[in-house]
Each structure stands twice: as structure tokens, then as C-alpha cells.
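This is input02.txt (compact mmCIF, C-alpha atoms and all ligand atoms).
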```
# COMPACT_ATOMS: atom_id res chain seq x y z
CA MET R 1 2.05 -25.89 -7.57
CA SER R 2 0.52 -22.68 -6.23
CA LYS R 3 1.16 -19.26 -7.78
CA LYS R 4 3.34 -16.72 -6.01
CA PRO R 5 2.16 -13.26 -7.01
CA ILE R 6 2.84 -9.84 -5.59
CA ILE R 7 -0.24 -8.86 -3.57
CA VAL R 8 -0.59 -5.24 -2.52
CA PHE R 9 -2.82 -3.66 0.14
CA GLU R 10 -3.69 -0.04 -0.55
CA GLY R 11 -5.90 2.57 1.06
CA ILE R 12 -5.86 5.81 3.00
CA GLU R 13 -5.11 6.16 6.71
CA GLY R 14 -7.50 4.20 8.91
CA SER R 15 -8.78 2.09 6.01
CA GLY R 16 -7.79 -1.17 7.68
CA LYS R 17 -5.20 -2.26 5.11
CA SER R 18 -2.49 -3.02 7.67
CA PHE R 19 -4.95 -5.06 9.75
CA HIS R 20 -5.92 -7.13 6.71
CA ILE R 21 -2.37 -7.64 5.43
CA ASN R 22 -1.44 -8.91 8.90
CA ASN R 23 -4.41 -11.26 8.86
CA VAL R 24 -3.34 -12.61 5.46
CA GLU R 25 0.18 -13.06 6.79
CA LYS R 26 -1.18 -15.10 9.73
CA PHE R 27 -3.14 -17.26 7.30
CA LEU R 28 -0.15 -17.91 5.01
CA LYS R 29 2.06 -18.71 7.98
CA LYS R 30 -0.48 -21.17 9.37
CA LYS R 31 -0.90 -22.87 6.00
CA LYS R 32 2.87 -22.85 5.44
CA TYR R 33 2.79 -20.93 2.18
CA PRO R 34 6.15 -19.32 1.37
CA TYR R 35 5.82 -15.53 1.59
CA ILE R 36 7.53 -12.30 2.47
CA LYS R 37 5.82 -9.16 3.73
CA PHE R 38 7.01 -5.60 3.90
CA ARG R 39 5.65 -2.05 3.94
CA GLU R 40 6.39 1.07 1.93
CA PRO R 41 7.88 3.40 2.71
CA GLY R 42 10.03 0.93 4.60
CA GLY R 43 10.88 -2.71 4.15
CA SER R 44 14.63 -3.14 3.88
CA LYS R 45 16.89 -1.54 6.48
CA ASN R 46 17.76 1.40 4.24
CA SER R 47 14.12 1.92 3.28
CA GLU R 48 13.13 2.02 6.95
CA SER R 49 15.73 4.78 7.49
CA ILE R 50 14.20 6.74 4.61
CA ARG R 51 10.71 6.14 6.10
CA LYS R 52 11.79 7.74 9.37
CA LEU R 53 13.06 10.76 7.49
CA ILE R 54 9.89 11.26 5.40
CA LEU R 55 7.34 10.68 8.15
CA ASN R 56 9.09 12.53 10.97
CA LYS R 57 6.78 15.36 12.08
CA LYS R 58 9.73 17.75 12.11
CA SER R 59 10.48 17.17 8.40
CA ASN R 60 9.23 19.81 6.01
CA PHE R 61 10.34 18.59 2.59
CA THR R 62 8.78 19.89 -0.60
CA LYS R 63 6.34 17.62 -2.44
CA ASN R 64 9.04 16.83 -5.03
CA THR R 65 11.49 15.82 -2.33
CA ASP R 66 8.82 13.64 -0.74
CA LEU R 67 8.25 11.95 -4.10
CA LEU R 68 11.96 11.29 -4.55
CA LEU R 69 12.26 9.95 -1.01
CA TYR R 70 9.30 7.57 -1.47
CA LEU R 71 10.90 6.36 -4.69
CA ALA R 72 14.32 6.10 -3.05
CA SER R 73 12.73 3.92 -0.38
CA ARG R 74 11.20 1.77 -3.15
CA SER R 75 14.52 1.59 -4.98
CA GLU R 76 16.08 0.03 -1.88
CA ASN R 77 13.43 -2.74 -1.98
CA ILE R 78 13.89 -3.80 -5.60
CA SER R 79 16.58 -6.39 -4.93
CA LEU R 80 14.40 -7.86 -2.13
CA ILE R 81 11.51 -8.17 -4.60
CA GLU R 82 13.70 -9.59 -7.38
CA LYS R 83 15.17 -12.21 -5.07
CA ASN R 84 11.70 -13.49 -4.14
CA TYR R 85 9.74 -12.78 -7.34
CA ASN R 86 7.76 -15.90 -8.40
CA LYS R 87 9.45 -17.84 -5.59
CA LYS R 88 7.41 -16.56 -2.66
CA ILE R 89 4.13 -14.68 -2.33
CA ILE R 90 5.12 -11.04 -1.84
CA LEU R 91 2.75 -9.04 0.38
CA ILE R 92 3.27 -5.28 0.27
CA ASP R 93 1.58 -2.71 2.51
CA ARG R 94 1.37 0.18 -0.05
CA PHE R 95 3.19 0.32 -3.36
CA ILE R 96 3.11 2.31 -6.61
CA ASP R 97 -0.61 3.23 -6.43
CA SER R 98 0.09 5.10 -3.18
CA THR R 99 2.65 7.24 -4.99
CA ILE R 100 0.17 8.05 -7.77
CA ALA R 101 -2.71 8.66 -5.35
CA TYR R 102 -0.83 10.77 -2.76
CA GLN R 103 1.91 12.53 -4.75
CA HIS R 104 0.03 13.10 -8.02
CA TYR R 105 -3.68 13.27 -7.20
CA GLY R 106 -3.18 14.52 -3.65
CA MET R 107 -0.25 16.89 -4.09
CA GLY R 108 -0.12 17.62 -7.79
CA VAL R 109 3.30 16.18 -8.66
CA ASP R 110 3.67 15.38 -12.36
CA LEU R 111 2.23 11.95 -13.20
CA ASN R 112 4.61 11.28 -16.12
CA LEU R 113 7.58 11.72 -13.84
CA ILE R 114 6.10 9.28 -11.29
CA ASN R 115 5.30 6.70 -13.97
CA PHE R 116 8.73 7.09 -15.56
CA ILE R 117 10.65 6.45 -12.33
CA ASN R 118 8.34 3.62 -11.24
CA LYS R 119 8.87 1.90 -14.62
CA PHE R 120 12.61 2.45 -14.35
CA LEU R 121 12.65 0.85 -10.89
CA LEU R 122 10.24 -2.02 -11.51
CA LYS R 123 11.32 -3.09 -15.02
CA ASN R 124 9.50 -6.43 -15.54
CA ILE R 125 8.14 -6.74 -12.01
CA LYS R 126 4.33 -6.96 -12.15
CA ILE R 127 1.77 -6.65 -9.36
CA GLY R 128 -0.53 -9.69 -9.29
CA PHE R 129 -3.45 -8.30 -7.31
CA THR R 130 -4.42 -5.34 -5.13
CA PHE R 131 -6.87 -5.14 -2.25
CA LEU R 132 -8.04 -1.53 -2.02
CA ASN R 133 -9.41 -0.71 1.42
CA ILE R 134 -11.83 2.20 1.62
CA VAL R 135 -13.24 4.03 4.62
CA ASN R 136 -15.67 6.90 5.21
CA PRO R 137 -14.38 10.16 6.81
CA LYS R 138 -16.14 9.50 10.13
CA ASN R 139 -14.56 6.07 10.63
CA MET R 140 -11.19 7.31 9.38
CA LYS R 141 -11.17 10.05 12.04
CA LEU R 142 -12.26 7.61 14.77
CA ARG R 143 -9.44 5.21 13.87
CA LEU R 144 -6.79 7.92 13.68
CA LYS R 145 -7.89 9.20 17.11
CA LYS R 146 -7.12 5.78 18.59
CA ARG R 147 -3.49 5.90 17.39
CA ASN R 148 -1.14 7.05 20.10
CA LYS R 149 1.44 8.40 17.66
CA LEU R 150 0.57 10.33 14.52
CA ASN R 151 3.15 10.86 11.77
CA ARG R 152 3.59 13.70 9.28
CA TYR R 153 1.25 12.08 6.75
CA ASP R 154 -1.51 11.34 9.30
CA GLN R 155 -2.39 15.00 9.64
CA PHE R 156 -3.82 16.25 6.37
CA ASN R 157 -7.38 17.55 6.22
CA SER R 158 -10.31 15.32 5.31
CA HIS R 159 -10.57 16.94 1.86
CA PHE R 160 -7.05 15.68 1.06
CA TYR R 161 -7.82 12.11 2.12
CA ARG R 162 -11.08 12.18 0.15
CA LYS R 163 -9.11 13.22 -2.95
CA VAL R 164 -6.56 10.46 -2.37
CA GLN R 165 -9.22 7.80 -1.79
CA ASN R 166 -11.09 8.84 -4.94
CA ALA R 167 -7.79 8.56 -6.80
CA PHE R 168 -7.26 5.00 -5.54
CA ILE R 169 -10.78 4.10 -6.71
CA LYS R 170 -10.13 5.71 -10.11
CA ILE R 171 -6.88 3.74 -10.50
CA SER R 172 -8.64 0.47 -9.54
CA LYS R 173 -11.34 1.03 -12.15
CA LYS R 174 -8.76 1.11 -14.94
CA ASN R 175 -7.95 -2.54 -14.32
CA PRO R 176 -10.89 -4.01 -12.36
CA LYS R 177 -9.81 -7.66 -12.67
CA LYS R 178 -6.68 -6.90 -10.68
CA TYR R 179 -8.40 -5.09 -7.82
CA GLN R 180 -10.90 -5.82 -5.11
CA ILE R 181 -12.39 -3.00 -3.09
CA ILE R 182 -12.82 -3.80 0.60
CA ASN R 183 -15.32 -1.56 2.33
CA SER R 184 -13.95 -1.24 5.83
CA ASN R 185 -17.11 0.51 7.07
CA LEU R 186 -18.70 -2.95 6.91
CA ASP R 187 -18.23 -6.01 9.11
CA ILE R 188 -14.53 -6.74 9.67
CA ASN R 189 -14.94 -10.53 9.97
CA ASN R 190 -16.86 -10.65 6.74
CA ASN R 191 -14.10 -8.61 5.07
CA LYS R 192 -11.49 -11.03 6.41
CA GLU R 193 -13.39 -13.86 4.77
CA ILE R 194 -13.79 -12.00 1.47
CA ILE R 195 -10.04 -11.38 1.35
CA ILE R 196 -8.98 -14.95 2.23
CA THR R 197 -11.45 -16.40 -0.30
CA LYS R 198 -10.05 -14.14 -3.02
CA LEU R 199 -6.47 -14.84 -1.93
CA LEU R 200 -7.00 -18.57 -2.33
CA LYS R 201 -8.29 -18.00 -5.87
CA ILE R 202 -5.32 -15.79 -6.74
CA ILE R 203 -2.66 -18.21 -5.50
CA LYS R 204 -4.21 -21.52 -6.53
P1 LIG M 301 1.55 4.04 6.41
O1 LIG M 301 1.24 4.84 7.62
O2 LIG M 301 0.37 3.38 5.83
O3 LIG M 301 2.71 3.13 6.58
O4 LIG M 301 1.99 5.06 5.24
C1 LIG M 301 2.81 6.11 5.41
C2 LIG M 301 2.38 7.30 4.59
O5 LIG M 301 3.12 7.38 3.39
C3 LIG M 301 0.91 7.31 4.17
O6 LIG M 301 0.36 8.55 4.57
C4 LIG M 301 0.95 7.30 2.67
C5 LIG M 301 2.30 7.83 2.33
N1 LIG M 301 2.85 7.37 1.05
C6 LIG M 301 2.94 8.26 0.00
O7 LIG M 301 2.52 9.41 0.13
N2 LIG M 301 3.51 7.85 -1.16
C7 LIG M 301 4.00 6.58 -1.34
O8 LIG M 301 4.50 6.25 -2.42
C8 LIG M 301 3.88 5.66 -0.25
C9 LIG M 301 4.41 4.27 -0.41
C10 LIG M 301 3.31 6.10 0.93
```

Output the file's structure in the form of C-alpha cells.
Ligand code: TMP
Amino acid sequence: MSKKPIIVFEGIEGSGKSFHINNVEKFLKKKKYPYIKFREPGGSKNSESIRKLILNKKSNFTKNTDLLLYLASRSENISLIEKNYNKKIILIDRFIDSTIAYQHYGMGVDLNLINFINKFLLKNIKIGFTFLNIVNPKNMKLRLKKRNKLNRYDQFNSHFYRKVQNAFIKISKKNPKKYQIINSNLDINNNKEIIITKLLKIIK
């Protein structure tokens, strides 16, 4: 019987994580593996409502409010995760590393507070593997330019995104067996193959 881990896709804006998670979804669907996929912030109906609130360009919450809203959105997904944990592969577009990278390393919110609430929410839920997508500033800008709608978090300066990406890399280095870095400045088809090959190893 195949394993059914939680697999997370992380990375800054324009890093290609959503493209690759969608490609993995297509693969799992075709091969008839049981899976669910959702994004954070977002996922369940309530979490999607919170997403709209956080990312609306007219919102101007403080960094602490943003943190609590991201965690509130996560809180609304816990029962969805628990219901499927070890029963289906769970694909998540962003999860706890995004909170650490953006709210702590990017915005300076207290790390202990973030870890405390994440532990409180997740309890025994463990992430199986993370694909960390990285991108250089030039390609990030090019990809963001192609989007017809930018949200509140798509508009920081390149220094901020560099800080956040370095944070993701730092987090991944603490537990290298559980992470694979995908360099999205390189060939996309080759990256697709790298991810599917690794996926098959993780779930076998
Ligand atoms: P998305 O555009 O990839 O869906 O992500 C929405 C934004 O939310 C993205 O800029 C990263 C940000 N974010 C955080 O700042 N903290 C979090 O905990 C999560 C899940 C996302």
C-alpha cells in the first residue's frame, strides 16, 4: 500500500509553486491516487473568506493581525486535514513555513508566538515533505507582471521577497531530508520530472 503524506509546496511569489502543485495534482488524478489539495490562506469555505479579507488591497491590518488571520485561516483547515490524514495524500499550496518566512523573517513578528500557535493547531499532524520553489528577482518580476490581478501581498519590494526566500532556504536547511529545492529559473519540464520522480519515492 502506498504512503499518504502531507506534501507542501512553498516559495515566494512567482516561484512556480502553484504551477507544480497543479501538475502533481494532474499526475495523481491520472494515476488514481487518493488525494486532496488546498491552498493557504484558503482551503475550506471559511478559510477562503479569511483569505479575501487578508489579501484585499484595501485591507491595512497590522502585522500581528495578519499573523492571527493567517492562523485563523489555518485553524479552519485542521478538521479537513484530520479527516484525510494518512487516508489521502494531502497537497498544500503554502503552510507553516510561509508563516515563519513572511511573518517572522519578513515582518519581524515574534517566532515563539508563531511556533506556539502552529503547535497548538497542528498537534500531532506532521508534514511529510516540502518542495521549496526558488526564483531570482528578475524572473519573479517578469512573472508578477504577467498576472492581471495583484493582491496586497504581491506588492512588497524586492528586498522583502529576498529576505523571505532566504528564510525559506534557511528553514529547509534545518531538515534537509524533508525538503527539495526546485530552482524555477531552470527548465520547467525538467523540474516537473524532478518533482514527480521524488513524489513517487515519497509515496511508495
Ligand atoms: P498565494 O498568492 O501564494 O496564494 O499566497 C498569498 C500570500 O499570503 C503570499 O504572499 C504569502 C502570504 N502568506 C503569509 O504571509 N503567511 C502565511 O502563513 C501564508 C499561508 C501565506

_Show me, as a PyMOL selection string, the residues that have an atom within 12 Å of range 179-181 of chain R when counting only C-alpha atoms, minus same-chain residues fewer than 5 positions from it._
chain R and resi 7-11+15-17+97+127-135+165+168-174+186+191+194-199+202

*Select, from R:Phe27, R:Tyr70, R:Phe116, R:Phe160, the residue with the minimum atom-to-atom distance to ligand LIG 301 (chain M), counting all atoms listed in the file.*
R:Tyr70

*Can I get the residues close to ligand LIG 301 (chain M) as a PyMOL selection string, where close means within 9 Å and we count all atoms listed in the file?*
chain R and resi 10-14+17-18+39-42+51+54-55+66-67+69-71+73-74+93-103+106+150-156

Produce the centre coordinates and the three edge lengths, each in Å to one decimal, of the box along x, y and z that contains all listed atoms of range 13-18 of chain R with 5 Å added on each side, as lines of an AutoDock Vina configuration file.
```
center_x = -5.6
center_y = 1.6
center_z = 7.0
size_x = 16.3
size_y = 19.2
size_z = 13.8
```

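For the set R:Ile6, R:Leu111, R:Leu142, R:Leu80, the residue with the smallest atom-to-atom gap to Lys45 in chain R is R:Leu80, counting only C-alpha atoms.
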
_Minimum-distance residue to Glu25 in chain R, chosen among R:Lys192, R:Asn124, R:Ser75, R:Val164 (using only C-alpha atoms)_ = R:Lys192

*Go through R:Ser59, R:Asn46, R:Asn86, R:Asn185 one by one, measure the shortest atom-to-atom distance of each to Ala72 in chain R using all atoms listed in the file, and give the residue with the smallest value.*
R:Asn46

Using only C-alpha atoms, determine which residues lie at most 8 Å from Leu121 in chain R, disregarding the query and same-chain residues fewer than 2 positions distant; provide the list as an mmCIF file with C-alpha atoms, keeping the file's coordinate frame.
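File produced: selection26.cif:
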```cif
data_model
loop_
_atom_site.group_PDB
_atom_site.id
_atom_site.type_symbol
_atom_site.label_atom_id
_atom_site.label_comp_id
_atom_site.auth_asym_id
_atom_site.auth_seq_id
_atom_site.Cartn_x
_atom_site.Cartn_y
_atom_site.Cartn_z
ATOM 1 C CA ARG R 74 11.200 1.770 -3.150
ATOM 2 C CA SER R 75 14.520 1.590 -4.980
ATOM 3 C CA ILE R 78 13.890 -3.800 -5.600
ATOM 4 C CA ILE R 117 10.650 6.450 -12.330
ATOM 5 C CA ASN R 118 8.340 3.620 -11.240
ATOM 6 C CA LYS R 119 8.870 1.900 -14.620
ATOM 7 C CA LYS R 123 11.320 -3.090 -15.020
#
```

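The space separating CA of Leu91 in chain R from CA of Lys145 in chain R comes to 26.9 Å.
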
_Expected answer as an NGL selection string: all residues with atoms within 8 Å of (2.2, -14.1, 1.2), all atoms listed in the file_ = :R and (4 or 7 or 24-25 or 28 or 33-37 or 88-91)

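When all atoms listed in the file are used to compute distances to Glu82 in chain R, the closest of the residues R:Ile203, R:Ile182, R:Ile125, R:Leu68 turns out to be R:Ile125.
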
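Of note, CA of Ser47 in chain R and CA of Asn77 in chain R are spaced 7.1 Å apart.
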
*At what distance in Å, to one decimal, does CA of Lys26 in chain R lie from CA of Asn175 in chain R?*
28.0 Å

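Among the candidates R:Lys138, R:Lys29, R:Lys3, R:Lys126, the one nearest to Tyr161 in chain R when counting all atoms listed in the file is R:Lys138.
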
Got a minute to add N, CA and C atoms to range 30-48 of chain R and dump it as an mmCIF file, in the coordinates of the input?
```cif
data_model
loop_
_atom_site.group_PDB
_atom_site.id
_atom_site.type_symbol
_atom_site.label_atom_id
_atom_site.label_comp_id
_atom_site.auth_asym_id
_atom_site.auth_seq_id
_atom_site.Cartn_x
_atom_site.Cartn_y
_atom_site.Cartn_z
ATOM 1 N N LYS R 30 0.196 -19.972 8.852
ATOM 2 C CA LYS R 30 -0.480 -21.170 9.370
ATOM 3 C C LYS R 30 -0.516 -22.276 8.313
ATOM 4 N N LYS R 31 -0.778 -21.883 7.079
ATOM 5 C CA LYS R 31 -0.900 -22.870 6.000
ATOM 6 C C LYS R 31 0.459 -23.205 5.365
ATOM 7 N N LYS R 32 1.504 -22.593 5.894
ATOM 8 C CA LYS R 32 2.870 -22.850 5.440
ATOM 9 C C LYS R 32 3.120 -22.501 3.967
ATOM 10 N N TYR R 33 2.479 -21.439 3.517
ATOM 11 C CA TYR R 33 2.790 -20.930 2.180
ATOM 12 C C TYR R 33 4.062 -20.091 2.284
ATOM 13 N N PRO R 34 4.972 -20.189 1.320
ATOM 14 C CA PRO R 34 6.150 -19.320 1.370
ATOM 15 C C PRO R 34 5.778 -17.885 1.010
ATOM 16 N N TYR R 35 6.175 -16.935 1.858
ATOM 17 C CA TYR R 35 5.820 -15.530 1.590
ATOM 18 C C TYR R 35 6.846 -14.610 2.222
ATOM 19 N N ILE R 36 6.869 -13.376 1.724
ATOM 20 C CA ILE R 36 7.530 -12.300 2.470
ATOM 21 C C ILE R 36 6.528 -11.157 2.581
ATOM 22 N N LYS R 37 6.711 -10.310 3.573
ATOM 23 C CA LYS R 37 5.820 -9.160 3.730
ATOM 24 C C LYS R 37 6.652 -7.951 4.101
ATOM 25 N N PHE R 38 6.378 -6.840 3.453
ATOM 26 C CA PHE R 38 7.010 -5.600 3.900
ATOM 27 C C PHE R 38 6.091 -4.416 3.614
ATOM 28 N N ARG R 39 6.468 -3.244 4.138
ATOM 29 C CA ARG R 39 5.650 -2.050 3.940
ATOM 30 C C ARG R 39 6.457 -1.016 3.181
ATOM 31 N N GLU R 40 5.732 -0.084 2.545
ATOM 32 C CA GLU R 40 6.390 1.070 1.930
ATOM 33 C C GLU R 40 5.722 2.344 2.414
ATOM 34 N N PRO R 41 6.432 3.414 2.701
ATOM 35 C CA PRO R 41 7.880 3.400 2.710
ATOM 36 C C PRO R 41 8.369 2.504 3.845
ATOM 37 N N GLY R 42 9.503 1.870 3.617
ATOM 38 C CA GLY R 42 10.030 0.930 4.600
ATOM 39 C C GLY R 42 10.332 -0.383 3.924
ATOM 40 N N GLY R 43 10.561 -1.397 4.716
ATOM 41 C CA GLY R 43 10.880 -2.710 4.150
ATOM 42 C C GLY R 43 12.293 -3.070 4.516
ATOM 43 N N SER R 44 13.223 -2.844 3.585
ATOM 44 C CA SER R 44 14.630 -3.140 3.880
ATOM 45 C C SER R 44 15.137 -2.129 4.914
ATOM 46 N N LYS R 45 16.337 -2.410 5.417
ATOM 47 C CA LYS R 45 16.890 -1.540 6.480
ATOM 48 C C LYS R 45 17.038 -0.099 5.979
ATOM 49 N N ASN R 46 17.578 0.052 4.784
ATOM 50 C CA ASN R 46 17.760 1.400 4.240
ATOM 51 C C ASN R 46 16.421 2.100 4.018
ATOM 52 N N SER R 47 15.438 1.329 3.533
ATOM 53 C CA SER R 47 14.120 1.920 3.280
ATOM 54 C C SER R 47 13.459 2.375 4.572
ATOM 55 N N GLU R 48 13.688 1.615 5.653
ATOM 56 C CA GLU R 48 13.130 2.020 6.950
ATOM 57 C C GLU R 48 13.779 3.334 7.421
#
```
